[in-house]
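Q: For reference, the file structure.txt (compact mmCIF, C-alpha atoms (C1' of nucleotides) and all ligand atoms) is included below:
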# COMPACT_ATOMS: atom_id res chain seq x y z
CA MET A 16 0.00 0.00 0.00
CA LYS A 17 2.80 2.39 0.84
CA ARG A 18 4.57 0.87 -2.12
CA ALA A 19 1.55 1.46 -4.37
CA LYS A 20 1.28 5.12 -3.34
CA LYS A 21 4.98 5.62 -3.98
CA LYS A 22 4.54 4.15 -7.41
CA ILE A 23 1.61 6.45 -8.16
CA PHE A 24 3.59 9.49 -7.10
CA ALA A 25 6.69 8.40 -9.03
CA ASP A 26 4.57 7.99 -12.15
CA PHE A 27 2.96 11.38 -11.57
CA ILE A 28 6.36 13.02 -11.19
CA ALA A 29 7.62 11.38 -14.37
CA GLN A 30 4.53 12.10 -16.40
CA ARG A 31 4.64 15.77 -15.44
CA GLY A 32 8.34 16.13 -16.14
CA LEU A 33 9.06 16.91 -12.50
CA LYS A 34 12.09 15.75 -10.61
CA SER A 35 12.62 13.19 -7.94
CA THR A 36 14.29 14.78 -4.93
CA LYS A 37 15.28 13.50 -1.54
CA GLN A 38 13.02 16.02 0.17
CA ARG A 39 10.01 14.66 -1.71
CA ASP A 40 10.98 11.11 -0.83
CA ILE A 41 11.32 11.97 2.84
CA ILE A 42 8.05 13.90 2.94
CA LEU A 43 6.16 11.14 1.13
CA ASP A 44 7.54 8.52 3.46
CA SER A 45 6.59 10.54 6.49
CA PHE A 46 3.14 11.33 5.15
CA LEU A 47 2.40 7.69 4.36
CA SER A 48 3.38 6.57 7.84
CA SER A 49 1.52 9.36 9.60
CA ASP A 50 -1.92 9.60 11.10
CA ARG A 51 -4.70 10.55 8.81
CA HIS A 52 -5.90 14.19 8.70
CA LEU A 53 -2.53 15.87 9.29
CA SER A 54 -2.03 19.61 8.93
CA ILE A 55 0.91 21.09 7.02
CA GLU A 56 2.31 22.44 10.25
CA GLU A 57 2.04 19.08 12.00
CA LEU A 58 3.82 17.23 9.23
CA TYR A 59 6.41 19.99 9.03
CA LEU A 60 7.18 19.74 12.74
CA LYS A 61 7.27 15.97 12.59
CA LEU A 62 9.82 16.19 9.77
CA ARG A 63 11.92 18.82 11.49
CA ALA A 64 12.69 16.34 14.24
CA LYS A 65 14.75 14.17 11.90
CA HIS A 66 15.47 16.47 9.00
CA SER A 67 16.18 19.97 10.18
CA ASN A 68 16.87 21.08 6.64
CA ILE A 69 13.37 20.73 5.20
CA GLY A 70 11.49 23.99 4.82
CA TYR A 71 7.84 24.71 5.47
CA ALA A 72 7.38 25.83 1.88
CA THR A 73 8.60 22.50 0.58
CA VAL A 74 6.22 20.57 2.81
CA TYR A 75 3.43 22.88 1.69
CA ARG A 76 4.24 22.48 -2.01
CA THR A 77 4.79 18.75 -1.75
CA LEU A 78 1.45 18.12 -0.06
CA LYS A 79 -0.21 20.04 -2.89
CA LEU A 80 1.57 17.73 -5.31
CA PHE A 81 0.31 14.68 -3.40
CA ALA A 82 -3.21 16.01 -3.79
CA GLU A 83 -2.70 16.58 -7.52
CA ALA A 84 -1.27 13.09 -7.84
CA GLY A 85 -4.36 11.72 -6.14
CA ILE A 86 -2.70 10.18 -3.09
CA ALA A 87 -3.84 12.89 -0.68
CA ARG A 88 -6.90 15.08 -0.25
CA GLU A 89 -7.23 18.54 1.25
CA MET A 90 -9.67 18.90 4.13
CA GLU A 91 -10.66 21.60 6.57
CA PHE A 92 -12.60 20.98 9.75
CA GLY A 93 -13.20 24.49 10.91
CA ASP A 94 -10.05 25.10 12.91
CA GLY A 95 -8.50 27.24 10.20
CA GLN A 96 -5.86 24.65 9.31
CA THR A 97 -5.82 22.78 6.04
CA ARG A 98 -5.42 19.05 6.63
CA TYR A 99 -4.37 16.30 4.27
CA GLU A 100 -5.78 12.82 4.46
CA HIS A 101 -4.72 9.63 2.70
CA VAL A 102 -6.75 8.75 -0.35
CA VAL A 103 -7.73 5.13 -0.75
CA GLU A 104 -8.46 4.27 -4.35
CA GLY A 105 -12.18 4.01 -5.07
CA GLU A 106 -13.17 4.62 -1.48
CA HIS A 107 -15.22 7.45 -0.06
CA HIS A 108 -16.05 8.36 3.50
CA ASP A 109 -17.38 11.22 5.57
CA HIS A 110 -16.36 12.40 9.03
CA LEU A 111 -17.36 12.54 12.66
CA VAL A 112 -15.37 15.26 14.41
CA CYS A 113 -15.18 15.39 18.19
CA THR A 114 -15.43 18.96 19.44
CA ARG A 115 -13.85 17.94 22.76
CA CYS A 116 -10.73 15.95 21.92
CA GLY A 117 -10.45 16.79 18.23
CA SER A 118 -10.43 13.16 17.14
CA ILE A 119 -11.73 12.41 13.68
CA GLU A 120 -13.62 9.22 12.86
CA GLU A 121 -14.69 8.13 9.42
CA PHE A 122 -17.88 6.54 8.22
CA GLU A 123 -19.63 5.45 5.07
CA ASN A 124 -23.35 5.32 4.45
CA GLN A 125 -24.51 4.52 0.97
CA THR A 126 -28.11 5.43 1.72
CA ILE A 127 -27.10 8.97 2.61
CA GLU A 128 -25.02 9.19 -0.55
CA ASP A 129 -27.94 8.04 -2.66
CA LEU A 130 -30.31 10.51 -1.03
CA GLN A 131 -27.91 13.33 -1.77
CA THR A 132 -27.86 12.41 -5.43
CA GLN A 133 -31.65 12.24 -5.32
CA VAL A 134 -32.04 15.66 -3.71
CA ALA A 135 -29.71 17.21 -6.26
CA ALA A 136 -31.32 15.49 -9.22
CA ASP A 137 -34.74 16.79 -8.18
CA ARG A 138 -33.39 20.29 -8.76
CA GLY A 139 -31.44 19.59 -11.90
CA PHE A 140 -28.22 19.97 -9.92
CA LEU A 141 -25.27 17.73 -10.77
CA ILE A 142 -23.06 16.86 -7.78
CA GLU A 143 -19.30 16.88 -8.31
CA ARG A 144 -18.32 16.40 -4.69
CA HIS A 145 -19.78 16.85 -1.28
CA ARG A 146 -18.86 17.40 2.27
CA LEU A 147 -20.63 15.84 5.23
CA GLU A 148 -19.26 16.37 8.69
CA LEU A 149 -20.92 15.54 11.98
CA TYR A 150 -19.60 17.56 14.90
CA GLY A 151 -20.21 16.49 18.45
CA VAL A 152 -18.87 14.40 21.32
CA CYS A 153 -17.19 11.06 20.63
CA GLY A 154 -17.85 7.89 22.59
CA LYS A 155 -14.58 8.18 24.47
CA CYS A 156 -15.26 11.73 25.61
CA ARG A 157 -18.77 10.84 26.70
CA SER A 158 -17.72 8.08 29.07
CA MET B 8 -40.48 39.08 9.48
CA LYS B 9 -38.05 41.98 9.14
CA ARG B 10 -39.95 43.51 12.01
CA ALA B 11 -39.59 40.36 14.08
CA LYS B 12 -35.84 40.20 13.51
CA LYS B 13 -35.48 43.84 14.45
CA LYS B 14 -37.37 43.16 17.64
CA ILE B 15 -35.11 40.21 18.47
CA PHE B 16 -32.02 42.31 17.93
CA ALA B 17 -33.39 45.25 19.89
CA ASP B 18 -34.13 42.94 22.79
CA PHE B 19 -30.69 41.40 22.54
CA ILE B 20 -29.09 44.84 22.60
CA ALA B 21 -31.12 45.88 25.62
CA GLN B 22 -30.60 42.67 27.52
CA ARG B 23 -26.83 42.89 27.05
CA GLY B 24 -26.64 46.52 28.02
CA LEU B 25 -25.44 47.54 24.56
CA LYS B 26 -26.42 50.66 22.71
CA SER B 27 -28.64 51.29 19.76
CA THR B 28 -26.70 53.19 17.13
CA LYS B 29 -27.53 54.41 13.66
CA GLN B 30 -24.78 52.25 12.18
CA ARG B 31 -26.33 49.13 13.67
CA ASP B 32 -29.76 50.14 12.42
CA ILE B 33 -28.47 50.72 8.91
CA ILE B 34 -26.48 47.49 8.85
CA LEU B 35 -29.40 45.45 10.16
CA ASP B 36 -31.73 46.96 7.61
CA SER B 37 -29.33 46.25 4.80
CA PHE B 38 -28.67 42.72 6.01
CA LEU B 39 -32.36 41.90 6.32
CA SER B 40 -33.08 43.10 2.79
CA SER B 41 -30.05 41.38 1.26
CA ASP B 42 -29.57 38.05 -0.39
CA ARG B 43 -28.84 35.15 1.84
CA HIS B 44 -25.22 34.01 2.31
CA LEU B 45 -23.55 37.40 2.12
CA SER B 46 -19.89 37.92 2.96
CA ILE B 47 -18.70 40.75 5.21
CA GLU B 48 -17.00 42.38 2.24
CA GLU B 49 -20.15 42.17 0.11
CA LEU B 50 -22.33 43.75 2.75
CA TYR B 51 -19.67 46.36 3.45
CA LEU B 52 -19.48 47.36 -0.22
CA LYS B 53 -23.25 47.41 -0.50
CA LEU B 54 -23.41 49.76 2.48
CA ARG B 55 -20.64 51.99 1.21
CA ALA B 56 -22.78 52.93 -1.76
CA LYS B 57 -25.24 54.82 0.45
CA HIS B 58 -23.32 55.35 3.65
CA SER B 59 -19.69 56.19 2.98
CA ASN B 60 -19.08 56.65 6.66
CA ILE B 61 -19.52 53.06 7.83
CA GLY B 62 -16.29 51.20 8.53
CA TYR B 63 -15.44 47.62 7.70
CA ALA B 64 -14.76 46.86 11.36
CA THR B 65 -18.23 47.98 12.31
CA VAL B 66 -19.85 45.75 9.70
CA TYR B 67 -17.66 42.90 10.88
CA ARG B 68 -18.53 43.43 14.55
CA THR B 69 -22.20 43.98 13.88
CA LEU B 70 -22.55 40.76 11.90
CA LYS B 71 -20.96 38.92 14.82
CA LEU B 72 -23.59 40.50 17.04
CA PHE B 73 -26.35 39.34 14.70
CA ALA B 74 -24.99 35.82 15.02
CA GLU B 75 -24.91 36.09 18.81
CA ALA B 76 -28.43 37.46 18.80
CA GLY B 77 -29.52 34.47 16.76
CA ILE B 78 -30.69 36.30 13.65
CA ALA B 79 -27.68 35.35 11.54
CA ARG B 80 -25.41 32.34 11.19
CA GLU B 81 -21.78 32.14 10.07
CA MET B 82 -21.04 29.90 7.10
CA GLU B 83 -18.04 29.13 4.94
CA PHE B 84 -18.27 27.46 1.55
CA GLY B 85 -14.62 26.96 0.74
CA ASP B 86 -13.89 30.28 -0.97
CA GLY B 87 -12.08 31.63 2.06
CA GLN B 88 -14.82 34.12 2.89
CA THR B 89 -17.05 33.90 5.93
CA ARG B 90 -20.69 34.33 4.93
CA TYR B 91 -23.70 35.22 7.03
CA GLU B 92 -27.10 33.76 6.33
CA HIS B 93 -30.49 34.65 7.74
CA VAL B 94 -31.69 32.40 10.51
CA VAL B 95 -35.29 31.31 10.41
CA GLU B 96 -36.53 30.27 13.84
CA GLY B 97 -36.75 26.49 14.22
CA GLU B 98 -35.73 25.77 10.68
CA HIS B 99 -32.73 23.85 9.43
CA HIS B 100 -31.39 23.37 5.94
CA ASP B 101 -28.30 22.25 4.06
CA HIS B 102 -26.76 23.64 0.89
CA LEU B 103 -26.18 23.03 -2.80
CA VAL B 104 -23.31 25.20 -3.99
CA CYS B 105 -22.73 25.79 -7.70
CA THR B 106 -19.04 25.69 -8.55
CA ARG B 107 -19.69 27.60 -11.78
CA CYS B 108 -21.81 30.62 -10.85
CA GLY B 109 -21.40 30.49 -7.08
CA SER B 110 -25.13 30.39 -6.43
CA ILE B 111 -26.25 28.72 -3.23
CA GLU B 112 -29.50 26.76 -2.99
CA GLU B 113 -30.96 25.33 0.16
CA PHE B 114 -32.64 22.02 0.85
CA GLU B 115 -34.07 19.96 3.66
CA ASN B 116 -34.23 16.19 3.87
CA GLN B 117 -35.38 14.65 7.10
CA THR B 118 -34.36 11.15 6.06
CA ILE B 119 -30.75 12.25 5.70
CA GLU B 120 -30.91 13.97 9.07
CA ASP B 121 -32.26 10.82 10.70
CA LEU B 122 -29.58 8.66 9.10
CA GLN B 123 -26.89 10.96 10.41
CA THR B 124 -28.20 10.57 13.93
CA GLN B 125 -28.33 6.83 13.38
CA VAL B 126 -24.75 6.59 12.12
CA ALA B 127 -23.49 8.64 15.05
CA ALA B 128 -25.51 6.69 17.60
CA ASP B 129 -24.06 3.42 16.34
CA ARG B 130 -20.64 4.67 17.43
CA GLY B 131 -21.69 6.26 20.70
CA PHE B 132 -21.16 9.68 19.14
CA LEU B 133 -23.49 12.52 20.07
CA ILE B 134 -24.08 15.06 17.29
CA GLU B 135 -24.17 18.73 18.25
CA ARG B 136 -24.29 20.12 14.74
CA HIS B 137 -23.45 19.07 11.25
CA ARG B 138 -22.51 20.41 7.90
CA LEU B 139 -23.71 18.98 4.59
CA GLU B 140 -22.82 20.73 1.38
CA LEU B 141 -23.24 19.43 -2.14
CA TYR B 142 -20.91 21.06 -4.65
CA GLY B 143 -21.54 20.83 -8.37
CA VAL B 144 -23.31 22.45 -11.29
CA CYS B 145 -26.71 24.06 -10.81
CA GLY B 146 -29.61 23.62 -13.20
CA LYS B 147 -29.16 27.07 -14.67
CA CYS B 148 -25.48 26.51 -15.44
CA ARG B 149 -26.22 23.12 -16.99
CA SER B 150 -28.66 24.42 -19.56
C1' DG C 9 31.18 16.99 -17.12
C1' DT C 10 27.88 20.62 -19.04
C1' DT C 11 23.69 22.75 -18.89
C1' DA C 12 18.97 24.05 -18.75
C1' DA C 13 15.10 23.23 -16.06
C1' DA C 14 13.24 22.17 -11.71
C1' DG C 15 13.55 22.46 -6.72
C1' DT C 16 14.64 24.41 -2.25
C1' DG C 17 13.89 27.30 1.89
C1' DA C 18 14.41 31.66 4.34
C1' DA C 19 12.14 35.61 3.89
C1' DT C 20 8.45 38.15 2.29
C1' DT C 21 3.87 39.05 0.80
C1' DC C 22 -0.97 38.12 0.68
C1' DC C 23 -5.42 38.14 2.62
C1' DA C 24 -9.29 37.77 5.45
C1' DC C 25 -10.13 38.79 9.32
C1' DT C 26 -9.28 40.69 14.36
C1' DT C 27 -7.83 43.94 17.67
C1' DT C 28 -6.23 48.46 19.24
C1' DC C 29 -6.96 53.08 20.52
C1' DA C 30 -8.14 57.90 20.33
C1' DA C 31 -12.19 60.37 19.23
C1' DT C 32 -17.16 60.22 19.29
C1' DT C 33 -21.75 59.07 20.86
C1' DG C 34 -25.87 57.11 23.27
C1' DG C 35 -28.68 57.44 27.03
C1' DA C 36 -29.28 57.09 32.18
C1' DG C 37 -29.57 60.22 35.81
C1' DC C 38 -29.98 64.82 37.21
C1' DG D 19 -31.68 70.17 28.37
C1' DC D 20 -27.02 69.01 30.36
C1' DT D 21 -23.36 65.88 32.38
C1' DC D 22 -20.95 61.97 32.58
C1' DC D 23 -19.13 57.69 31.29
C1' DA D 24 -19.38 53.28 29.34
C1' DA D 25 -20.23 51.77 24.79
C1' DT D 26 -19.19 52.49 19.97
C1' DT D 27 -16.81 53.72 15.96
C1' DG D 28 -13.36 53.42 12.20
C1' DA D 29 -8.66 54.12 10.65
C1' DA D 30 -4.83 51.76 11.31
C1' DA D 31 -1.99 48.19 13.01
C1' DG D 32 -1.71 43.25 14.13
C1' DT D 33 -2.41 38.24 13.36
C1' DG D 34 -1.77 33.68 11.47
C1' DG D 35 -1.94 30.44 7.93
C1' DA D 36 -1.33 30.21 3.13
C1' DA D 37 1.08 31.47 -1.02
C1' DT D 38 4.92 33.45 -3.42
C1' DT D 39 9.57 35.40 -4.23
C1' DC D 40 14.27 34.96 -5.26
C1' DA D 41 19.06 33.71 -4.94
C1' DC D 42 21.05 29.75 -4.78
C1' DT D 43 21.11 24.16 -5.34
C1' DT D 44 20.02 19.77 -7.45
C1' DT D 45 18.54 16.85 -10.88
C1' DA D 46 18.87 14.48 -14.95
C1' DA D 47 19.23 14.62 -19.83
C1' DC D 48 22.89 15.23 -23.20
MN MN E 201 -10.90 10.90 6.46
MN MN E 202 -28.64 28.80 3.75
ZN ZN E 203 -13.54 13.11 21.75
ZN ZN E 204 -24.60 27.83 -11.34
Could you write out this structure as structure tokens?

A:
Amino acid sequence: MKRAKKKIFADFIAQRGLKSTKQRDIILDSFLSSDRHLSIEELYLKLRAKHSNIGYATVYRTLKLFAEAGIAREMEFGDGQTRYEHVVEGEHHDHLVCTRCGSIEEFENQTIEDLQTQVAADRGFLIERHRLELYGVCGKCRS
Amino acid sequence: MKRAKKKIFADFIAQRGLKSTKQRDIILDSFLSSDRHLSIEELYLKLRAKHSNIGYATVYRTLKLFAEAGIAREMEFGDGQTRYEHVVEGEHHDHLVCTRCGSIEEFENQTIEDLQTQVAADRGFLIERHRLELYGVCGKCRS
DNA sequence: GTTAAAGTGAATTCCACTTTCAATTGGAGC
DNA sequence: GCTCCAATTGAAAGTGGAATTCACTTTAAC
């Protein structure tokens, strides 16, 4: 899986005439072995621990590249920080965000997805993407 | 309805020991007779046309007050601008956002709402609020 | 090895608010 | 009215995350 993502990014780099650099390798490796829903700043700080020579701008630009390559997706959960999550080929999910501890859970519900399409279709609206986030208190924080 | 909102705000102002000012009156009037989902900048520019003496900071602060008073709600649809929509007592709706013309339609679907509660409950998660936005092409832009 | 193009990162700029502060104003109490 | 003072205003400065600049470095194709 990490291998597959690396292959996708390598192909993307090649196909776009971009270059393979050690910074990109390091950032990709770190991203792939990190928690989901990481902010630029978080990944940057995580990298700084081992590689003091990687700049914020490079992390920023590289994450954008990951998104363009289709291995990452930009997200924003209302805290003013852009987050990047891992993309799993052909998989979609929405989020449950805990307003107490900040944890983010994922869920899938095909019935909801279908109803969205239905609602849109009734108005002649064609959905390209959507965003469904449930904010509240997670099980852990409730007990 | 405009009258009712004005009453709510007047009461809010009184109850909080704030003052009634002509700027607030003008801004409220303009907000109530404006399109839904207006950004601070948009309302500010609209006001400038007739009242060159109203500052951006005042519009900004007054909209925050409207939100606190419960007659407006803050929204953000991914364009980096905070928008304020009119609140209708006891009513909830979600949004269809056109990525071509920027228009914003509203919809309600109780089945989706119920399913959200269901999904959350299954994980011991208690929903406080949610956000459902469908992005795509509106009927007008498709034809 | 040469070289042109791409990449890097510290520093700077952008931008959408958000706060500060000196001057002004609303309105309660006389 | 008139006074007094807390609330309000708005120009300007500040904030923070994102985006860009620019003077080098690296890469990778000859
Ligand atoms: Mn996710
Ligand atoms: Mn709305
Ligand atoms: Zn929690
Ligand atoms: Zn449209």

Q: From the options B:Leu133, B:Gly146, B:Arg80, B:Glu75, which residue's atoms come nearest to ligand ZN 203 (chain E), counting all atoms listed in the file?

A: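 The answer is B:Leu133, which sits nearest to ligand ZN 203 (chain E).
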
Q: Can you work out the spacing between CA of Leu25 (chain B) and C1' of DG28 (chain D) in Å, to one decimal?

A: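 Result for CA of Leu25 (chain B) versus C1' of DG28 (chain D): 18.3 Å, one decimal.
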
Q: Report as a count of residues only the set of chain D residues whose atoms approach chain A to within 12 Å, with distances computed over all atoms listed in the file.

A: 11

Q: With distances taken over only C-alpha atoms (C1' of nucleotides), which residue among A:Asp50, A:Phe24, A:Asp40, A:Tyr71 lies nearest chain C?

A: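 Closest to chain C of all the choices is A:Tyr71.
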
Q: Let me make sure I understand: among A:Arg138, A:Ser118, A:Leu47, A:Ala87, which one has the smallest atom-to-atom distance to ligand ZN 204 (chain E) if we use only C-alpha atoms and all ligand atoms?

A: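 Looking at the shortest contact to ligand ZN 204 (chain E), the residue is A:Arg138.
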